[in-house]
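**Q** So that you have it, the file is my_file.cif, and it contains mmCIF, C-alpha atoms:
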```
data_work
loop_
_atom_site.label_atom_id
_atom_site.label_comp_id
_atom_site.auth_asym_id
_atom_site.auth_seq_id
_atom_site.Cartn_x
_atom_site.Cartn_y
_atom_site.Cartn_z
CA MET X 1 -68.78 -201.52 163.94
CA THR X 2 -66.13 -204.19 163.43
CA GLU X 3 -67.42 -204.94 159.95
CA TYR X 4 -66.57 -201.37 158.84
CA VAL X 5 -63.73 -200.00 160.96
CA GLY X 6 -60.32 -200.51 159.41
CA LYS X 7 -61.71 -201.89 156.16
CA ALA X 8 -61.93 -200.36 152.71
CA MET X 9 -65.59 -199.93 151.81
CA PRO X 10 -66.81 -199.42 148.24
CA ARG X 11 -67.93 -195.88 147.52
CA TYR X 12 -71.59 -196.10 146.56
CA ASP X 13 -71.29 -193.61 143.69
CA GLY X 14 -67.69 -194.31 142.72
CA ILE X 15 -68.12 -196.72 139.80
CA GLY X 16 -70.45 -194.42 137.88
CA GLN X 17 -68.06 -191.52 138.27
CA VAL X 18 -64.88 -193.29 137.21
CA LYS X 19 -66.70 -194.79 134.21
CA GLY X 20 -68.12 -191.41 133.22
CA GLN X 21 -71.68 -192.71 133.52
CA THR X 22 -72.87 -190.41 136.32
CA LYS X 23 -75.31 -187.78 135.08
CA PHE X 24 -74.65 -184.32 136.46
CA VAL X 25 -77.12 -181.49 135.92
CA ASP X 26 -75.50 -180.24 132.73
CA ASP X 27 -75.87 -183.74 131.23
CA PHE X 28 -79.68 -183.45 131.23
CA VAL X 29 -81.06 -182.47 127.84
CA VAL X 30 -84.84 -182.33 127.53
CA PRO X 31 -86.66 -182.26 124.15
CA GLY X 32 -87.50 -178.69 123.18
CA MET X 33 -85.14 -177.29 125.79
CA LEU X 34 -84.34 -173.58 125.73
CA TYR X 35 -81.30 -171.85 127.22
CA ALA X 36 -81.06 -168.83 129.51
CA LYS X 37 -78.38 -166.28 130.36
CA ALA X 38 -78.34 -163.32 132.73
CA LEU X 39 -78.31 -159.62 131.96
CA ARG X 40 -75.85 -158.34 134.56
CA SER X 41 -75.02 -154.98 136.05
CA PRO X 42 -71.98 -153.47 134.31
CA VAL X 43 -71.19 -151.33 137.36
CA HIS X 44 -70.38 -152.04 141.01
CA LYS X 45 -73.26 -149.86 142.20
CA GLY X 46 -75.95 -148.12 140.20
CA ILE X 47 -79.50 -146.87 139.81
CA ILE X 48 -81.43 -148.50 136.94
CA ARG X 49 -83.07 -145.71 134.93
CA ASN X 50 -84.39 -147.73 131.99
CA VAL X 51 -83.98 -151.06 130.20
CA ASP X 52 -84.97 -151.34 126.53
CA TYR X 53 -85.35 -154.96 125.38
CA SER X 54 -86.94 -154.24 121.99
CA ALA X 55 -83.88 -154.79 119.77
CA ALA X 56 -82.87 -157.87 121.74
CA GLU X 57 -86.35 -159.40 121.49
CA ASN X 58 -86.16 -159.15 117.68
CA VAL X 59 -83.05 -161.33 117.46
CA PRO X 60 -84.02 -164.57 115.66
CA GLY X 61 -84.29 -167.41 118.14
CA VAL X 62 -85.04 -165.25 121.18
CA VAL X 63 -88.14 -166.39 123.07
CA GLY X 64 -88.22 -163.52 125.55
CA PHE X 65 -86.98 -162.06 128.82
CA VAL X 66 -87.76 -162.73 132.47
CA THR X 67 -87.74 -159.58 134.62
CA ALA X 68 -88.70 -158.76 138.19
CA ASP X 69 -92.26 -158.14 136.94
CA ASP X 70 -92.52 -161.82 135.98
CA ILE X 71 -91.83 -163.15 139.48
CA PRO X 72 -95.11 -164.61 140.76
CA GLY X 73 -94.09 -164.73 144.42
CA ALA X 74 -91.34 -163.43 146.69
CA LYS X 75 -88.96 -160.98 145.03
CA LEU X 76 -86.31 -161.34 147.74
CA PHE X 77 -84.40 -164.47 148.73
CA GLY X 78 -81.32 -165.68 150.59
CA ALA X 79 -80.67 -166.77 154.15
CA CYS X 80 -81.43 -163.21 155.33
CA GLY X 81 -84.17 -162.59 152.76
CA ASP X 82 -82.60 -159.33 151.61
CA GLN X 83 -81.30 -160.14 148.10
CA PRO X 84 -83.44 -159.39 145.02
CA VAL X 85 -84.14 -162.36 142.75
CA LEU X 86 -83.73 -159.87 139.90
CA ALA X 87 -82.66 -156.28 140.45
CA GLU X 88 -85.50 -153.87 139.73
CA ASN X 89 -84.39 -150.35 140.67
CA SER X 90 -80.74 -150.56 141.72
CA THR X 91 -77.70 -152.83 141.72
CA ALA X 92 -75.17 -153.32 144.50
CA TYR X 93 -72.33 -155.32 142.93
CA LEU X 94 -70.72 -155.83 139.55
CA GLY X 95 -72.59 -158.59 137.71
CA GLU X 96 -75.78 -158.47 139.75
CA ASP X 97 -78.66 -160.13 137.85
CA ILE X 98 -81.15 -157.73 136.27
CA ALA X 99 -83.04 -159.97 133.82
CA ILE X 100 -82.87 -163.39 132.16
CA VAL X 101 -82.93 -163.82 128.38
CA VAL X 102 -84.31 -167.10 127.03
CA ALA X 103 -83.49 -168.36 123.53
CA VAL X 104 -82.90 -171.46 121.44
CA ASP X 105 -79.22 -171.63 122.37
CA GLU X 106 -76.60 -169.79 124.43
CA ASP X 107 -75.03 -168.04 121.43
CA THR X 108 -78.39 -166.46 120.63
CA CYS X 109 -78.74 -165.46 124.27
CA MET X 110 -75.39 -163.67 124.15
CA GLU X 111 -76.28 -161.90 120.90
CA ALA X 112 -79.52 -160.68 122.44
CA LEU X 113 -77.82 -159.46 125.63
CA ALA X 114 -75.44 -157.36 123.54
CA LYS X 115 -78.46 -155.53 122.07
CA VAL X 116 -80.17 -154.68 125.35
CA LYS X 117 -80.04 -150.93 126.00
CA LEU X 118 -79.38 -150.55 129.71
CA ASP X 119 -79.48 -147.05 131.16
CA ILE X 120 -77.83 -147.30 134.57
CA GLU X 121 -76.52 -144.41 136.62
CA GLU X 122 -73.22 -145.40 138.19
CA GLN X 123 -72.80 -144.45 141.84
CA GLU X 124 -69.87 -144.41 144.22
CA PRO X 125 -69.19 -147.92 145.57
CA VAL X 126 -67.31 -148.92 148.72
CA PHE X 127 -65.11 -152.03 148.82
CA ASP X 128 -63.17 -151.76 152.08
CA MET X 129 -64.92 -152.75 155.33
CA PHE X 130 -63.35 -150.02 157.42
CA GLU X 131 -64.19 -147.38 154.85
CA ALA X 132 -67.76 -148.71 154.75
CA MET X 133 -68.08 -148.29 158.53
CA LYS X 134 -67.21 -144.59 158.49
CA PRO X 135 -70.17 -142.26 159.22
CA ASP X 136 -69.85 -140.46 155.88
CA ALA X 137 -69.40 -143.62 153.78
CA PRO X 138 -71.79 -144.14 150.85
CA LEU X 139 -74.43 -146.76 151.61
CA VAL X 140 -73.89 -150.04 149.80
CA ARG X 141 -77.63 -150.25 149.00
CA PRO X 142 -80.36 -147.59 149.03
CA ASP X 143 -82.53 -149.66 151.39
CA LEU X 144 -79.87 -149.67 154.13
CA GLN X 145 -79.63 -147.28 157.07
CA SER X 146 -76.09 -148.46 157.84
CA ASN X 147 -73.41 -150.59 156.20
CA LEU X 148 -73.36 -152.71 159.35
CA TRP X 149 -75.70 -155.66 159.83
CA GLU X 150 -78.21 -155.02 162.61
CA PHE X 151 -78.28 -158.15 164.79
CA THR X 152 -81.05 -156.80 166.99
CA PRO X 153 -82.76 -153.39 166.80
CA GLY X 154 -80.09 -150.75 167.29
CA ASN X 155 -77.35 -153.32 167.90
CA TYR X 156 -74.67 -153.75 165.21
CA THR X 157 -72.28 -155.93 167.22
CA ARG X 158 -72.72 -159.58 168.15
CA THR X 159 -71.09 -160.08 171.55
CA MET X 160 -70.35 -163.45 173.11
CA TYR X 161 -68.60 -163.74 176.46
CA VAL X 162 -67.69 -165.97 179.37
CA GLY X 163 -66.51 -164.53 182.69
CA ASP X 164 -65.05 -161.00 182.93
CA VAL X 165 -62.46 -160.30 180.23
CA GLU X 166 -61.24 -157.04 181.80
CA LYS X 167 -60.69 -158.80 185.13
CA GLY X 168 -58.87 -161.62 183.38
CA LEU X 169 -56.58 -159.22 181.51
CA ALA X 170 -55.79 -157.42 184.79
CA GLU X 171 -54.73 -160.74 186.37
CA ALA X 172 -52.29 -161.54 183.54
CA ASP X 173 -48.50 -161.22 183.76
CA HIS X 174 -48.29 -160.58 180.02
CA ILE X 175 -50.69 -159.14 177.41
CA VAL X 176 -50.11 -160.36 173.86
CA GLU X 177 -51.83 -158.69 170.90
CA GLY X 178 -52.17 -159.77 167.28
CA ARG X 179 -54.08 -158.85 164.13
CA TYR X 180 -54.91 -161.51 161.55
CA GLN X 181 -56.76 -161.70 158.23
CA THR X 182 -58.18 -164.44 156.05
CA GLY X 183 -58.71 -163.48 152.42
CA GLU X 184 -61.52 -163.95 149.93
CA GLN X 185 -61.59 -167.36 148.25
CA ASP X 186 -63.59 -169.02 145.50
CA HIS X 187 -64.88 -172.57 145.85
CA ALA X 188 -63.98 -173.38 142.22
CA ALA X 189 -66.01 -176.58 142.06
CA MET X 190 -65.53 -178.55 138.83
CA GLU X 191 -69.27 -178.23 138.14
CA PRO X 192 -70.27 -174.58 137.67
CA MET X 193 -73.70 -173.31 138.71
CA VAL X 194 -76.31 -174.99 136.49
CA SER X 195 -80.00 -175.88 136.57
CA VAL X 196 -82.57 -177.53 134.30
CA ALA X 197 -86.29 -176.86 134.85
CA TYR X 198 -89.47 -178.11 133.15
CA PHE X 199 -93.03 -179.18 133.91
CA ASP X 200 -93.62 -182.93 134.07
CA ASN X 201 -96.78 -184.83 133.03
CA ALA X 202 -98.33 -184.15 136.43
CA GLU X 203 -97.80 -180.40 135.95
CA ARG X 204 -95.15 -180.34 138.67
CA LEU X 205 -92.22 -177.98 138.17
CA THR X 206 -89.23 -180.33 137.97
CA ILE X 207 -85.81 -178.87 138.72
CA HIS X 208 -82.54 -180.77 138.32
CA THR X 209 -80.29 -178.97 140.77
CA HIS X 210 -76.61 -178.84 141.70
CA SER X 211 -77.63 -177.82 145.21
CA GLN X 212 -75.90 -179.41 148.19
CA CYS X 213 -78.79 -178.48 150.53
CA LEU X 214 -82.06 -179.18 148.74
CA TYR X 215 -84.44 -178.77 151.65
CA PHE X 216 -83.02 -175.44 152.71
CA GLN X 217 -83.46 -174.03 149.22
CA LEU X 218 -86.80 -175.66 148.44
CA GLY X 219 -88.68 -173.34 150.79
CA GLN X 220 -87.12 -170.26 149.21
CA LEU X 221 -87.95 -171.48 145.71
CA ALA X 222 -91.55 -172.28 146.65
CA ALA X 223 -91.90 -168.69 147.86
CA ILE X 224 -90.35 -167.23 144.68
CA PHE X 225 -92.50 -169.37 142.37
CA ASP X 226 -95.61 -168.99 144.57
CA LEU X 227 -96.06 -172.75 144.42
CA PRO X 228 -96.62 -175.25 147.22
CA MET X 229 -93.70 -177.58 147.78
CA SER X 230 -95.85 -180.46 146.53
CA ARG X 231 -95.85 -178.81 143.07
CA ILE X 232 -92.06 -178.80 142.85
CA ARG X 233 -89.98 -181.91 142.09
CA TYR X 234 -86.54 -180.90 143.31
CA LYS X 235 -84.06 -183.51 142.05
CA GLY X 236 -80.49 -183.48 143.30
CA GLY X 237 -78.01 -185.77 144.99
CA ILE X 238 -75.24 -185.60 142.39
CA VAL X 239 -73.04 -182.58 143.12
CA GLY X 240 -69.93 -181.88 141.08
CA GLY X 241 -68.20 -180.21 143.99
CA GLY X 242 -69.77 -177.78 146.40
CA PHE X 243 -67.63 -177.02 149.47
CA GLY X 244 -70.38 -174.70 150.76
CA GLY X 245 -70.67 -172.58 147.62
CA LYS X 246 -73.85 -174.34 146.51
CA ASN X 247 -75.70 -173.63 149.75
CA HIS X 248 -76.80 -170.36 148.12
CA ILE X 249 -79.27 -170.36 145.19
CA HIS X 250 -77.43 -169.42 141.99
CA ALA X 251 -79.33 -171.04 139.12
CA ASP X 252 -82.54 -172.85 140.11
CA HIS X 253 -84.66 -169.73 140.55
CA PHE X 254 -83.76 -168.48 137.05
CA ALA X 255 -84.39 -171.78 135.26
CA GLY X 256 -87.63 -172.22 137.19
CA LEU X 257 -88.96 -168.73 136.47
CA ALA X 258 -88.19 -169.12 132.76
CA ALA X 259 -89.94 -172.51 132.64
CA ILE X 260 -92.98 -171.02 134.39
CA LYS X 261 -93.22 -168.05 132.02
CA PHE X 262 -92.59 -169.81 128.73
CA LYS X 263 -93.90 -173.31 129.58
CA ARG X 264 -90.81 -174.88 128.00
CA PRO X 265 -87.83 -176.74 129.49
CA VAL X 266 -85.00 -174.33 130.27
CA LYS X 267 -81.33 -174.75 131.15
CA TYR X 268 -79.47 -171.97 132.93
CA ARG X 269 -75.75 -172.34 133.53
CA MET X 270 -72.82 -170.11 134.35
CA THR X 271 -69.59 -170.32 132.42
CA ARG X 272 -66.41 -170.82 134.42
CA ARG X 273 -65.69 -167.10 134.05
CA GLU X 274 -69.16 -166.14 135.29
CA ASP X 275 -68.85 -168.56 138.19
CA LEU X 276 -65.52 -167.08 139.28
CA LEU X 277 -66.77 -163.51 138.96
CA TYR X 278 -70.35 -163.67 140.22
CA SER X 279 -70.96 -166.70 142.46
CA THR X 280 -70.68 -166.33 146.23
CA LYS X 281 -67.25 -166.42 147.89
CA ARG X 282 -65.70 -167.12 151.26
CA GLY X 283 -65.64 -163.58 152.59
CA VAL X 284 -62.80 -161.74 154.27
CA PHE X 285 -62.39 -161.94 158.06
CA ILE X 286 -60.17 -159.58 160.05
CA MET X 287 -59.56 -160.38 163.71
CA GLU X 288 -57.75 -158.65 166.54
CA TYR X 289 -56.72 -160.70 169.57
CA LYS X 290 -55.73 -159.47 173.03
CA THR X 291 -54.65 -162.39 175.19
CA GLY X 292 -53.69 -162.44 178.86
CA VAL X 293 -51.31 -165.12 180.15
CA LYS X 294 -49.58 -165.99 183.44
CA LYS X 295 -45.86 -166.71 183.63
CA ASP X 296 -46.66 -170.41 184.04
CA GLY X 297 -48.51 -170.43 180.70
CA ARG X 298 -52.09 -170.39 182.00
CA LEU X 299 -54.30 -168.17 179.84
CA THR X 300 -56.41 -165.77 181.89
CA ALA X 301 -58.35 -163.91 179.20
CA ASN X 302 -58.94 -163.52 175.48
CA TYR X 303 -60.58 -160.45 173.94
CA ILE X 304 -61.37 -160.74 170.23
CA ARG X 305 -62.66 -158.17 167.80
CA MET X 306 -63.95 -159.57 164.52
CA TRP X 307 -65.02 -157.96 161.24
CA HIS X 308 -66.53 -159.95 158.37
CA ASP X 309 -67.10 -158.70 154.81
CA ALA X 310 -70.59 -159.87 153.80
CA GLY X 311 -70.52 -158.35 150.33
CA ALA X 312 -73.66 -156.62 149.10
CA TYR X 313 -76.24 -158.82 150.89
CA GLY X 314 -76.55 -160.63 154.20
CA GLY X 315 -76.60 -164.24 153.05
CA PHE X 316 -75.07 -166.52 155.68
CA SER X 317 -72.74 -163.80 156.97
CA PRO X 318 -74.54 -162.74 160.19
CA TYR X 319 -74.82 -166.40 161.16
CA GLY X 320 -71.16 -166.80 160.24
CA VAL X 321 -70.14 -163.99 162.59
CA GLU X 322 -72.02 -165.65 165.44
CA LYS X 323 -70.51 -169.04 164.68
CA GLY X 324 -67.01 -167.60 164.23
CA SER X 325 -67.26 -165.80 167.57
CA MET X 326 -68.23 -169.02 169.34
CA PHE X 327 -65.17 -170.88 168.07
CA ALA X 328 -62.60 -168.08 167.87
CA CYS X 329 -60.74 -169.24 170.99
CA GLY X 330 -59.92 -172.61 169.46
CA PRO X 331 -59.76 -175.79 171.59
CA TYR X 332 -58.59 -173.95 174.70
CA HIS X 333 -60.22 -173.38 178.08
CA ILE X 334 -60.02 -169.66 178.79
CA PRO X 335 -61.99 -168.57 181.89
CA ASN X 336 -62.55 -165.02 180.65
CA MET X 337 -63.37 -164.55 177.00
CA ARG X 338 -65.22 -161.93 174.96
CA ALA X 339 -65.75 -161.71 171.21
CA ASP X 340 -67.26 -158.65 169.52
CA GLY X 341 -68.21 -159.43 165.92
CA GLN X 342 -69.46 -157.09 163.20
CA CYS X 343 -70.83 -157.96 159.77
CA VAL X 344 -70.10 -155.28 157.16
CA PHE X 345 -71.71 -154.66 153.76
CA THR X 346 -69.53 -153.74 150.77
CA ASN X 347 -70.23 -153.45 147.03
CA LYS X 348 -68.85 -156.89 146.30
CA VAL X 349 -70.40 -160.21 145.38
CA GLY X 350 -71.99 -161.88 148.40
CA SER X 351 -70.15 -164.06 150.88
CA SER X 352 -71.34 -167.54 151.69
CA SER X 353 -70.35 -170.72 153.43
CA MET X 354 -67.15 -172.58 152.65
CA ARG X 355 -65.54 -175.66 154.20
CA GLY X 356 -65.57 -175.37 158.00
CA PHE X 357 -67.67 -172.24 157.58
CA THR X 358 -66.30 -169.47 159.85
CA ILE X 359 -64.87 -172.02 162.30
CA MET X 360 -61.58 -172.23 160.43
CA ASN X 361 -61.49 -168.44 160.23
CA GLY X 362 -61.10 -168.39 164.02
CA GLN X 363 -58.84 -171.42 164.39
CA PHE X 364 -56.07 -170.01 162.22
CA PRO X 365 -55.61 -166.71 164.11
CA MET X 366 -55.96 -168.40 167.51
CA GLU X 367 -53.14 -170.81 166.71
CA MET X 368 -51.00 -167.95 165.43
CA GLN X 369 -51.78 -166.13 168.66
CA MET X 370 -50.81 -169.16 170.77
CA THR X 371 -47.45 -169.32 169.02
CA LYS X 372 -46.97 -165.62 169.70
CA VAL X 373 -47.89 -166.09 173.38
CA ALA X 374 -45.43 -168.98 173.71
CA GLU X 375 -42.63 -166.87 172.25
CA THR X 376 -43.49 -163.98 174.56
CA ILE X 377 -43.18 -166.03 177.77
CA GLY X 378 -40.39 -168.28 176.50
CA MET X 379 -42.39 -171.51 176.67
CA ASP X 380 -42.49 -174.47 174.30
CA GLN X 381 -45.48 -174.04 171.95
CA TRP X 382 -46.84 -177.54 172.58
CA GLU X 383 -46.48 -177.22 176.34
CA LEU X 384 -48.52 -174.01 176.23
CA ARG X 385 -51.20 -175.71 174.15
CA PHE X 386 -51.43 -178.76 176.42
CA ILE X 387 -51.65 -176.61 179.55
CA ASN X 388 -54.67 -174.77 178.17
CA ALA X 389 -56.33 -177.55 176.17
CA TRP X 390 -59.97 -178.40 176.82
CA ARG X 391 -60.55 -181.09 179.39
CA ASP X 392 -63.66 -182.98 180.46
CA GLU X 393 -66.37 -180.70 181.83
CA ASP X 394 -64.72 -177.48 180.58
#
```
Represent the structure from my file as structure tokens, please.

**A**
Amino acid sequence: MTEYVGKAMPRYDGIGQVKGQTKFVDDFVVPGMLYAKALRSPVHKGIIRNVDYSAAENVPGVVGFVTADDIPGAKLFGACGDQPVLAENSTAYLGEDIAIVVAVDEDTCMEALAKVKLDIEEQEPVFDMFEAMKPDAPLVRPDLQSNLWEFTPGNYTRTMYVGDVEKGLAEADHIVEGRYQTGEQDHAAMEPMVSVAYFDNAERLTIHTHSQCLYFQLGQLAAIFDLPMSRIRYKGGIVGGGFGGKNHIHADHFAGLAAIKFKRPVKYRMTRREDLLYSTKRGVFIMEYKTGVKKDGRLTANYIRMWHDAGAYGGFSPYGVEKGSMFACGPYHIPNMRADGQCVFTNKVGSSSMRGFTIMNGQFPMEMQMTKVAETIGMDQWELRFINAWRDED
């Protein structure tokens, strides 16, 4: 360890980046490469009645369209396996992907998209979590029975507990309550979502990916393409910023499907505007804390209620609620703790991981709550924190 600790070590990929020599996905240009863009839902929620591609297919330079009918394998993907690769009958958020146009360049793609005749019946969306949870709220998607994620059959709340929180609250000299919210955020990586796909000389589907978690996504892609993993060369390692936002598949499935259908190299990339509007976000968390404390500063109980906005599909959100519940008490030993977490669907773009995924969402309100507790009992904030800090074997 002494040869590393306290010494400046060269960054293995630093020289190539500062010299501008590093090749990111968008730098790959393959002979005969085509370009792809997405036909997106113009409404927040709708039923697709008809799509007429005839005028668009006649635009010079257009090779064709990829629709749900062209998917050889799984038509659903994502961490929860509930998101359509391409929407077939309905859409659940503004900008949801319906089809992919493939052409000689992106300008031709955009011209073709403008000529697609999309007949979509707009329906009433719901954007607020608490409105979505009401019994008479419109369902975010037609396949749902409830706008709440079902953790186990009939159970829409993930509960984690230690001890007896009601007993702990009864033992307290003071009860301190607080309500906190973290907002929606975009990762805004310098490299937008982009993918290049083609078949190599060994007839393997090669994909240059921006993914930050290749082996998590490879299994999903193999299912979508109906190919064994051995037939896919998934090439990554150079990521132009991710922060969690590239844990979800945004581009590789589209480039790959187009390459499979047309047997030509294809590049699919989002513009900055598309990335900001339609890529996954850090979703909203709202938390309510009810904390019991003795006059001497010892915490006796912490009851937390948590609501997380998943957007239109599950993604990583149910896992995030579980993880957030586990860490929502911060680095403090509290003998009686209970967290009730709910994951709520809304007609918004999906939520996904982001730096310190759902751990930070609990740390911020807990520290605000500790400050509030200290003020309530007239104790120095740091003294309160040190009294209750984790110790060995807690």

**Q** Given the choices X:Ala74, X:Met306, X:Met193, X:Leu257, which gets closest to Gly241 in chain X if the distance is worked out from all atoms listed in the file?

**A**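 Among X:Ala74, X:Met306, X:Met193, X:Leu257, it is X:Met193 that comes nearest to Gly241 in chain X.
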
**Q** Taking the file as I've supplied it (selection: the PyMOL selection byres ((chain X and resi 56) around 6)), which residues are included? Please answer as an MDAnalysis selection string.

**A** chainID X and resid 53:55 57:59 112 115:116

**Q** Those same residues - C-alpha atoms - I'd like them written as a CSV table (one decimal), in the coordinates of the input.

**A**
```
chain,number,residue,atom,x,y,z
X,53,TYR,CA,-85.4,-155.0,125.4
X,54,SER,CA,-86.9,-154.2,122.0
X,55,ALA,CA,-83.9,-154.8,119.8
X,57,GLU,CA,-86.4,-159.4,121.5
X,58,ASN,CA,-86.2,-159.2,117.7
X,59,VAL,CA,-83.0,-161.3,117.5
X,112,ALA,CA,-79.5,-160.7,122.4
X,115,LYS,CA,-78.5,-155.5,122.1
X,116,VAL,CA,-80.2,-154.7,125.4
```

**Q** Could you write out as a list in words the residues that the PyMOL selection byres ((chain X and resi 87) around 8) matches in the shown file?

**A**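 Output from the PyMOL selection byres ((chain X and resi 87) around 8), applied to this file: Ala68, Pro84, Val85, Leu86, Glu88, Asn89, Ser90, Thr91, Glu96, Asp97, Ile98 and Ala99 of chain X.
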
**Q** What gap, in Å, lies between CA of Ala259 in chain X and CA of Arg272 in chain X?

**A** 23.7 Å

**Q** List the neighbours of Ala301 in chain X out to 8 Å using only C-alpha atoms; skip same-chain residues closer than 6 positions along the sequence, and give me the result as a CSV table (one decimal) with C-alpha atoms, in the frame of the given file.

**A**
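Output file selection.csv follows:
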```csv
chain,number,residue,atom,x,y,z
X,165,VAL,CA,-62.5,-160.3,180.2
X,166,GLU,CA,-61.2,-157.0,181.8
X,168,GLY,CA,-58.9,-161.6,183.4
X,169,LEU,CA,-56.6,-159.2,181.5
X,172,ALA,CA,-52.3,-161.5,183.5
X,291,THR,CA,-54.6,-162.4,175.2
X,292,GLY,CA,-53.7,-162.4,178.9
X,293,VAL,CA,-51.3,-165.1,180.2
X,334,ILE,CA,-60.0,-169.7,178.8
X,335,PRO,CA,-62.0,-168.6,181.9
X,336,ASN,CA,-62.6,-165.0,180.6
X,337,MET,CA,-63.4,-164.6,177.0
```

**Q** Which protein, DNA or RNA residues are at most 10 Å from (-83.0, -143.0, 136.3) in the file's coordinates when you count only C-alpha atoms, listed as a list in words?

**A**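 All residues meeting the 10 Å criterion around (-83.0, -143.0, 136.3) are Gly46, Ile47, Ile48, Arg49, Asn50, Asn89, Ser90, Asp119, Ile120 and Glu121 of chain X.
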
**Q** Please report as a Markdown table every residue of range 231-339 of chain X lying within 12 Å of range 359-374 of chain X, along with the nearest atom pair and their distance in Å (one decimal), using all atoms listed in the file.

**A**
```
| residue | atom | partner | partner_atom | distance |
| --- | --- | --- | --- | --- |
| X:Arg282 | CA | X:Asn361 | CA | 10.0 |
| X:Gly283 | CA | X:Asn361 | CA | 10.0 |
| X:Val284 | CA | X:Asn361 | CA | 9.1 |
| X:Phe285 | CA | X:Asn361 | CA | 6.9 |
| X:Ile286 | CA | X:Asn361 | CA | 9.0 |
| X:Met287 | CA | X:Pro365 | CA | 7.5 |
| X:Glu288 | CA | X:Pro365 | CA | 8.7 |
| X:Tyr289 | CA | X:Gln369 | CA | 7.4 |
| X:Lys290 | CA | X:Gln369 | CA | 8.9 |
| X:Thr291 | CA | X:Val373 | CA | 7.9 |
| X:Gly292 | CA | X:Val373 | CA | 8.8 |
| X:Val293 | CA | X:Val373 | CA | 7.6 |
| X:Lys294 | CA | X:Val373 | CA | 10.2 |
| X:Lys295 | CA | X:Ala374 | CA | 10.2 |
| X:Asp296 | CA | X:Ala374 | CA | 10.5 |
| X:Gly297 | CA | X:Ala374 | CA | 7.8 |
| X:Arg298 | CA | X:Val373 | CA | 10.5 |
| X:Leu299 | CA | X:Val373 | CA | 9.3 |
| X:Asn302 | CA | X:Met366 | CA | 9.8 |
| X:Tyr303 | CA | X:Met366 | CA | 11.2 |
| X:Ile304 | CA | X:Met366 | CA | 9.8 |
| X:Arg305 | CA | X:Gly362 | CA | 11.0 |
| X:Met306 | CA | X:Gly362 | CA | 9.3 |
| X:Trp307 | CA | X:Asn361 | CA | 11.1 |
| X:His308 | CA | X:Asn361 | CA | 10.0 |
| X:Tyr319 | CA | X:Ile359 | CA | 11.5 |
| X:Gly320 | CA | X:Ile359 | CA | 8.4 |
| X:Val321 | CA | X:Ile359 | CA | 9.6 |
| X:Glu322 | CA | X:Ile359 | CA | 10.1 |
| X:Lys323 | CA | X:Ile359 | CA | 6.8 |
| X:Gly324 | CA | X:Ile359 | CA | 5.3 |
| X:Ser325 | CA | X:Gly362 | CA | 7.6 |
| X:Met326 | CA | X:Ile359 | CA | 8.4 |
| X:Phe327 | CA | X:Ile359 | CA | 5.9 |
| X:Ala328 | CA | X:Gly362 | CA | 4.1 |
| X:Cys329 | CA | X:Met366 | CA | 6.0 |
| X:Gly330 | CA | X:Gln363 | CA | 5.3 |
| X:Pro331 | CA | X:Gln363 | CA | 8.5 |
| X:Tyr332 | CA | X:Met366 | CA | 9.5 |
| X:Ala339 | CA | X:Gly362 | CA | 10.9 |
```

**Q** If you take all atoms listed in the file and a cut-off of 12 Å, which residues of range 48-90 of chain X touch range 247-250 of chain X, and what are their nearest atom pairs and distances in Å to one decimal, in chain and number order, as JSON lines?

**A**
```
{"residue": "X:Leu76", "atom": "CA", "partner": "X:Ile249", "partner_atom": "CA", "distance": 11.7}
{"residue": "X:Phe77", "atom": "CA", "partner": "X:Ile249", "partner_atom": "CA", "distance": 8.6}
{"residue": "X:Gly78", "atom": "CA", "partner": "X:His248", "partner_atom": "CA", "distance": 7.0}
{"residue": "X:Ala79", "atom": "CA", "partner": "X:His248", "partner_atom": "CA", "distance": 8.0}
{"residue": "X:Cys80", "atom": "CA", "partner": "X:His248", "partner_atom": "CA", "distance": 11.2}
{"residue": "X:Gly81", "atom": "CA", "partner": "X:His248", "partner_atom": "CA", "distance": 11.7}
{"residue": "X:Gln83", "atom": "CA", "partner": "X:Ile249", "partner_atom": "CA", "distance": 10.8}
{"residue": "X:Pro84", "atom": "CA", "partner": "X:Ile249", "partner_atom": "CA", "distance": 11.7}
{"residue": "X:Val85", "atom": "CA", "partner": "X:Ile249", "partner_atom": "CA", "distance": 9.7}
{"residue": "X:Leu86", "atom": "CA", "partner": "X:His250", "partner_atom": "CA", "distance": 11.6}
```

**Q** So, counting all atoms listed in the file, which residue among X:Val43, X:Met354, X:Met190, X:Ala389 is closest to Gln123 in chain X?

**A** X:Val43

**Q** Mind telling me what the PyMOL selection byres ((chain X and resi 27-33) around 8) catches here, as a compact mmCIF listing (two decimals) with C-alpha atoms, in the coordinates of the input?

**A**
```
# COMPACT_ATOMS: atom_id res chain seq x y z
CA LYS X 23 -75.31 -187.78 135.08
CA PHE X 24 -74.65 -184.32 136.46
CA VAL X 25 -77.12 -181.49 135.92
CA ASP X 26 -75.50 -180.24 132.73
CA LEU X 34 -84.34 -173.58 125.73
CA TYR X 35 -81.30 -171.85 127.22
CA VAL X 104 -82.90 -171.46 121.44
CA VAL X 196 -82.57 -177.53 134.30
CA ARG X 264 -90.81 -174.88 128.00
CA PRO X 265 -87.83 -176.74 129.49
CA VAL X 266 -85.00 -174.33 130.27
CA LYS X 267 -81.33 -174.75 131.15
```

**Q** Can you work out which one of X:Arg269, X:Lys75, X:Lys261, X:Arg385 has the shortest atom-to-atom distance to Asp105 in chain X, counting only C-alpha atoms?

**A**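 Checking each of X:Arg269, X:Lys75, X:Lys261, X:Arg385 against Asp105 in chain X, counting only C-alpha atoms, the winner is X:Arg269.
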